[in-house]
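Student: Here's a structure for you.
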There are 2 protein chains.
Amino acid sequence: MSGLPRITLELRDRSYDIEVGVESLGRIGECLAPILKGKKIALITDPVVEPLYGARVRESLTGAGFSVSQVIVPAGEKHKNLGELERVHEELASARIERSSTLIALGGGVIGDLTGFAAASFLRGIDVVQVPTTLLAQVDSSIGGKTGVNLRAGKNLVGAFHQPRFVLADVGTLASLPVRELRAGIAEVVKYGVILSPKLFELLENEAESILNLDRDILADVVHQCAAAKARVVMEDEREGGLRAILNFGHTLGHAVEAMTEYSRFLHGEAVAIGMVFAARLSAARHGFPAPDVARMAALLKRFGLPITIPEELDRADLARAVETDKKRQSDRVKFVCVEAIGRTRFELLSTNEIEDSLRAT
Amino acid sequence: MSGLPRITLELRDRSYDIEVGVESLGRIGECLAPILKGKKIALITDPVVEPLYGARVRESLTGAGFSVSQVIVPAGEKHKNLGELERVHEELASARIERSSTLIALGGGVIGDLTGFAAASFLRGIDVVQVPTTLLAQVDSSIGGKTGVNLRAGKNLVGAFHQPRFVLADVGTLASLPVRELRAGIAEVVKYGVILSPKLFELLENEAESILNLDRDILADVVHQCAAAKARVVMEDEREGGLRAILNFGHTLGHAVEAMTEYSRFLHGEAVAIGMVFAARLSAARHGFPAPDVARMAALLKRFGLPITIPEELDRADLARAVETDKKRQSDRVKFVCVEAIGRTRFELLSTNEIEDSLRAT
């Protein structure tokens with residue numbers, strides 16, 4: 001136990017707690033026993049995570065009196081689709097999951113998003129608990145209720161807002177992450193620093209090595225800061241009517257880069273790193289974001305081994321059009337998140353032509 | 001214009017109006033112009049309805065300044081699935097439907113349910129307008145926000161609660177219904193009489209011939225009464241926490257009959273008619289529902305050409321198990337809606353064995 005206080009995300013009847021801890025997976029049963037409606041749980045995970053943590057989670061749950069069935073979803077972003085959702089739904093029906101039952105998402109962002117949408121839509125909505133095992137999922141996707149799957153036309157174009165009942169983030173699980181995935185998750189951590197917290201940004205600059213060496217106390221502190229920041233944003237703007245869109249910093253171009261490279265070349269966080277540097281340069285050109293801060297950002301991302309430039313071979317006009325397909329589009333303009341200073345953001349609507357020009361200029 | 005007052009379904013920020021009229025389809029553009037957020041509409045319909053009413057609706061919409069794209073979904077319950085949903089989503093992405101756009105469901109229950117769920121899930125939720133063209137959809141499925149698709153494991157097991165922005169029911173469209181479908185819709189009309197309104201039940205007994213002869217004033221009166229009844233129930237209990245479940249009268253067995261006959265032998269309303277008579281007999285045996293009222297119900301349904309007995313060849317044990325797969329299940333018991341008198345309902349939880357015994361007894 002790291003002793004960090006639980007974070008409460010308050011949304012009236014949809015409020016829930018987020019617990020960030022060290023080696024806390026084995027306590028999930030006791031965490032959930034007081035809050036779940038029924039005793040039936042379906043644990044959704046993937047073939048990579050299941051052998052690592054499946055037994056520990058199941059034992060804790062059965063020890064707390066739950067009956068647990070399990071659904072395995074193939075690992076990887078390309079399985080986050082409606083076909084796989086249907087397969088999960090059919091398995092939930094076979095396992096006799098009912099309205100009082102709960103789904104648990106044990107895994108990274110793909111498992112969390114798919115399981116969240118499965119819970120949002122099965123029997124028109126049942127409870128879900130998020131147990132994120134990747135850094136990206138712990139600091140971002142497990143919190144705030146955005147769920148969904150991809151279409152051929154783009155990422156996360158289908159889904160629902162469906163808040164979890166509880167989030168348990170055990171930073172101990174990060175030790176099993178492939179180093180590339182850990183680094184990709186750090187891109188989202190850097191994002192919180194850039195858009196919301198100069199203090200976090202500096203902590204990352206000072207403790208980059210400790211983080212990469214998986215110092216648990218520092219990791220727990222960092223994840224806790226990010227989760228709390230995300231929770232604050234979601235409390236103010238659950239459905240992304242305004243403020244919440246700042247979390248898309250780096251994502252608008254990032255999604256397009258992912259789509260144009262068919263979700264196979266870059267991890268999500270890597271594409272976001274590229275998108276953040278692009279957004280920072282755009283901000284420098286249009287909103288006086290200081291050039292030295294662009295350099296600090298790029299340097300920090302680079303220390304974490306993240307890519308910071310758009311691949312040469314991606315055609316800029318195609319990329320600008322891919323950005324426009326993004327769901328943040330408003331009529332013929334795309335909403336970009338810019339930064340005026342580290343910790344301070346603003347929105348800007350850009351046309352496809354302006355995006356293309358900016359892409360050519362950077 | 002029939003001159004019937006608009007029904008307002010009040011649900012705070014999700015309130016909306018229901019207009020029941022005669023030959024009112026051509027006014028849809030002016031109805032929607034003051035209330036929709038954006039100017040882009042995707043009209044979702046099927047190959048049967050499109051040639052009848054597509055042009056009239058599109059002309060009215062474009063006349064009111066909307067730009068309209070169209071998606072055709074194959075007709076029939078068997079296309080109400082996640083595969084078809086995905087195809088619709090991909091077409092919406094191609095048509096560049098965005099967050100401020102609106103889907104219009106023009107058709108019967110299948111189109112309404114599928115379009116409603118498409119709207120609930122595209123970009124995590126956009127607006128939908130229901131324009132029901134079948135009696136069943138006008139009195140029931142277009143109102144109240146239940147949307148969804150079928151799994152192999154059962155009907156409507158996947159979906160969302162997503163209230164429409166407006167409902168326009170033109171009873172003029174009922175003239176183009178195949179007579180079998182009109183009669184199937186009347187099953188739901190009879191249902192409102194049985195569970196909520198002795199007055200409506202008597203009107204149906206007195207005016208059965210006029211209804212079957214498509215007397216427009218009487219049809220509009222009947223549809224208006226049913227829509228108002230449904231709206232009242234939904235206002236009291238949007239998410240089916242209690243009261244709303246009375247609308248499932250006849251549906252619990254009905255769904256099982258549909259599933260066991262592979263959604264091909266009976267129309268939904270026909271299966272509901274069978275289910276209602278079963279529920280009435282169960283109510284007579286257990287809750288003193290008067291035997292003469294069982295006979296009145298059966299006689300009325302029969303006058304409308306509806307089936308009232310469970311096919312001999314359906315194995316009763318299989319049927320009882322099929323009932324248990326229904327999503328209204330609570331642990332190992334199924335919630336049945338019973339009637340104590342015409343206009344007065346009560347719930348009862350039954351085990352699979354009790355259901356099987358009752359099925360054998362009727």
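Residues are named by chain letter and number: chains run A, B, ... in the order of the structure tokens, numbers start at 1 in each chain, and ligands are numbered from 1 in the order shown.
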Taking only residues of chain B that have an atom at most 6 Å from an atom of chain A, what is each one's shortest atom pair and its distance in Å to one decimal, using only C-alpha atoms, in chain and number order, as a tab-separated table?
Tutor:
```
residue	atom	partner	partner_atom	distance
B:Ser121	CA	A:Gly159	CA	4.7
B:Phe122	CA	A:Val158	CA	4.7
B:Leu123	CA	A:Leu157	CA	5.0
B:Arg124	CA	A:Ala160	CA	4.3
B:Leu157	CA	A:Leu123	CA	4.9
B:Val158	CA	A:Phe122	CA	4.7
B:Gly159	CA	A:Arg124	CA	4.6
B:Ala160	CA	A:Arg124	CA	4.4
```
Student: Tell me, which residues of stretch 132-269 of chain A carry DSSP strand (DSSP E), written as a PyMOL selection string?
Tutor: chain A and resi 132+146-151+154-161+166-170
Student: At a cut-off of 10 Å, using only C-alpha atoms, what residues contact stretch 197-205 of chain A? Leave out same-chain residues fewer than 2 positions from it and give the result as a ChimeraX atom specification.
Tutor: /A:186,189-195,207-211,218,221-222,225-226,229,296-297,299-301,303-304,341-344
Student: Counting only C-alpha atoms, what is within 12 Å of stretch 3-7 of chain B, bar same-chain residues fewer than 4 positions away, as an MDAnalysis selection string?
Tutor: chainID B and resid 15:24 31 143 166:170 217:232 235
Student: What's around B:Phe266 at 12 Å? Count only C-alpha atoms, leave out sequence neighbours fewer than 4 positions away in its own chain, and write the answer as number ranges by chain.
Tutor: B: 77, 180-181, 183-184, 254-262, 270-275, 306-308, 310-311
Student: Restricting it to C-alpha atoms, dump the selection as a PDB file, in the first residue's frame.
Tutor:
```pdb
ATOM      1  CA  GLU B  77     -35.858  -8.026 -37.746  1.00  0.00           C
ATOM      2  CA  ARG B 180     -50.854  -8.491 -41.051  1.00  0.00           C
ATOM      3  CA  GLU B 181     -48.491  -5.834 -39.711  1.00  0.00           C
ATOM      4  CA  ARG B 183     -52.983  -6.291 -36.847  1.00  0.00           C
ATOM      5  CA  ALA B 184     -49.694  -7.100 -35.113  1.00  0.00           C
ATOM      6  CA  GLY B 254     -43.511 -13.201 -26.443  1.00  0.00           C
ATOM      7  CA  HIS B 255     -39.761 -12.687 -26.832  1.00  0.00           C
ATOM      8  CA  ALA B 256     -39.130 -16.357 -26.065  1.00  0.00           C
ATOM      9  CA  VAL B 257     -41.712 -17.435 -28.654  1.00  0.00           C
ATOM     10  CA  GLU B 258     -40.058 -15.158 -31.213  1.00  0.00           C
ATOM     11  CA  ALA B 259     -36.592 -16.492 -30.378  1.00  0.00           C
ATOM     12  CA  MET B 260     -37.660 -20.138 -30.537  1.00  0.00           C
ATOM     13  CA  THR B 261     -39.296 -19.616 -33.909  1.00  0.00           C
ATOM     14  CA  GLU B 262     -36.194 -17.779 -35.103  1.00  0.00           C
ATOM     15  CA  GLU B 270     -48.300 -11.605 -32.799  1.00  0.00           C
ATOM     16  CA  ALA B 271     -45.890 -13.116 -30.306  1.00  0.00           C
ATOM     17  CA  VAL B 272     -46.940 -10.469 -27.777  1.00  0.00           C
ATOM     18  CA  ALA B 273     -50.599 -11.408 -28.304  1.00  0.00           C
ATOM     19  CA  ILE B 274     -49.738 -15.012 -27.443  1.00  0.00           C
ATOM     20  CA  GLY B 275     -47.735 -13.801 -24.451  1.00  0.00           C
ATOM     21  CA  LEU B 306     -54.082 -12.231 -33.776  1.00  0.00           C
ATOM     22  CA  PRO B 307     -52.848 -15.628 -32.558  1.00  0.00           C
ATOM     23  CA  ILE B 308     -53.666 -16.410 -28.931  1.00  0.00           C
ATOM     24  CA  ILE B 310     -48.667 -21.118 -28.012  1.00  0.00           C
ATOM     25  CA  PRO B 311     -47.856 -23.402 -30.963  1.00  0.00           C
TER      26      PRO B 311
END
```
Student: Run DSSP on the backbone of this structure and report the residues of stretch 213-345 of chain A it assigns to alpha helix (DSSP H), as a ChimeraX atom specification.
Tutor: /A:216-236,251-260,268-287,291-303,316-324
Student: What's around B:Val110 at 8 Å? Count only C-alpha atoms, leave out sequence neighbours fewer than 3 positions away in its own chain, and write the answer as a PyMOL selection string.
Tutor: chain B and resi 75-77+80+107+113-114
Student: Could you save the residues just selected, with C-alpha atoms, as an mmCIF file, in the first residue's frame?
Tutor:
```
data_model
loop_
_atom_site.group_PDB
_atom_site.id
_atom_site.type_symbol
_atom_site.label_atom_id
_atom_site.label_comp_id
_atom_site.auth_asym_id
_atom_site.auth_seq_id
_atom_site.Cartn_x
_atom_site.Cartn_y
_atom_site.Cartn_z
ATOM 1 C CA ALA B 75 -35.929 -4.570 -44.054
ATOM 2 C CA GLY B 76 -36.642 -7.076 -41.330
ATOM 3 C CA GLU B 77 -35.858 -8.026 -37.746
ATOM 4 C CA LYS B 80 -31.297 -5.587 -36.438
ATOM 5 C CA GLY B 107 -39.792 3.265 -40.629
ATOM 6 C CA ASP B 113 -34.347 0.627 -32.637
ATOM 7 C CA LEU B 114 -31.302 0.315 -34.879
#
```
Student: How many Å separate atom CA of B:Ile111 from atom CA of B:Val73?
Tutor: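 We find that atom CA of B:Ile111 and atom CA of B:Val73 lie 7.6 Å from each other.
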Student: Any idea what the distance is between atom CA of A:Val129 and atom CA of A:Leu36?
Tutor: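 Atom CA of A:Leu36 lies 9.5 Å from atom CA of A:Val129.
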Student: Determine the nearest neighbour of B:Leu196 from the options B:Ser176, B:Val334, B:Val131, B:Thr345, counting only C-alpha atoms.
Tutor: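 Of B:Ser176, B:Val334, B:Val131, B:Thr345, the one nearest B:Leu196 is B:Thr345, counting only C-alpha atoms.
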Student: What is the distance, in Å and to one decimal place, between atom CA of A:Leu25 and atom CA of A:Gly305?
Tutor: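 About the pair atom CA of A:Leu25 and atom CA of A:Gly305: they are 28.8 Å apart.
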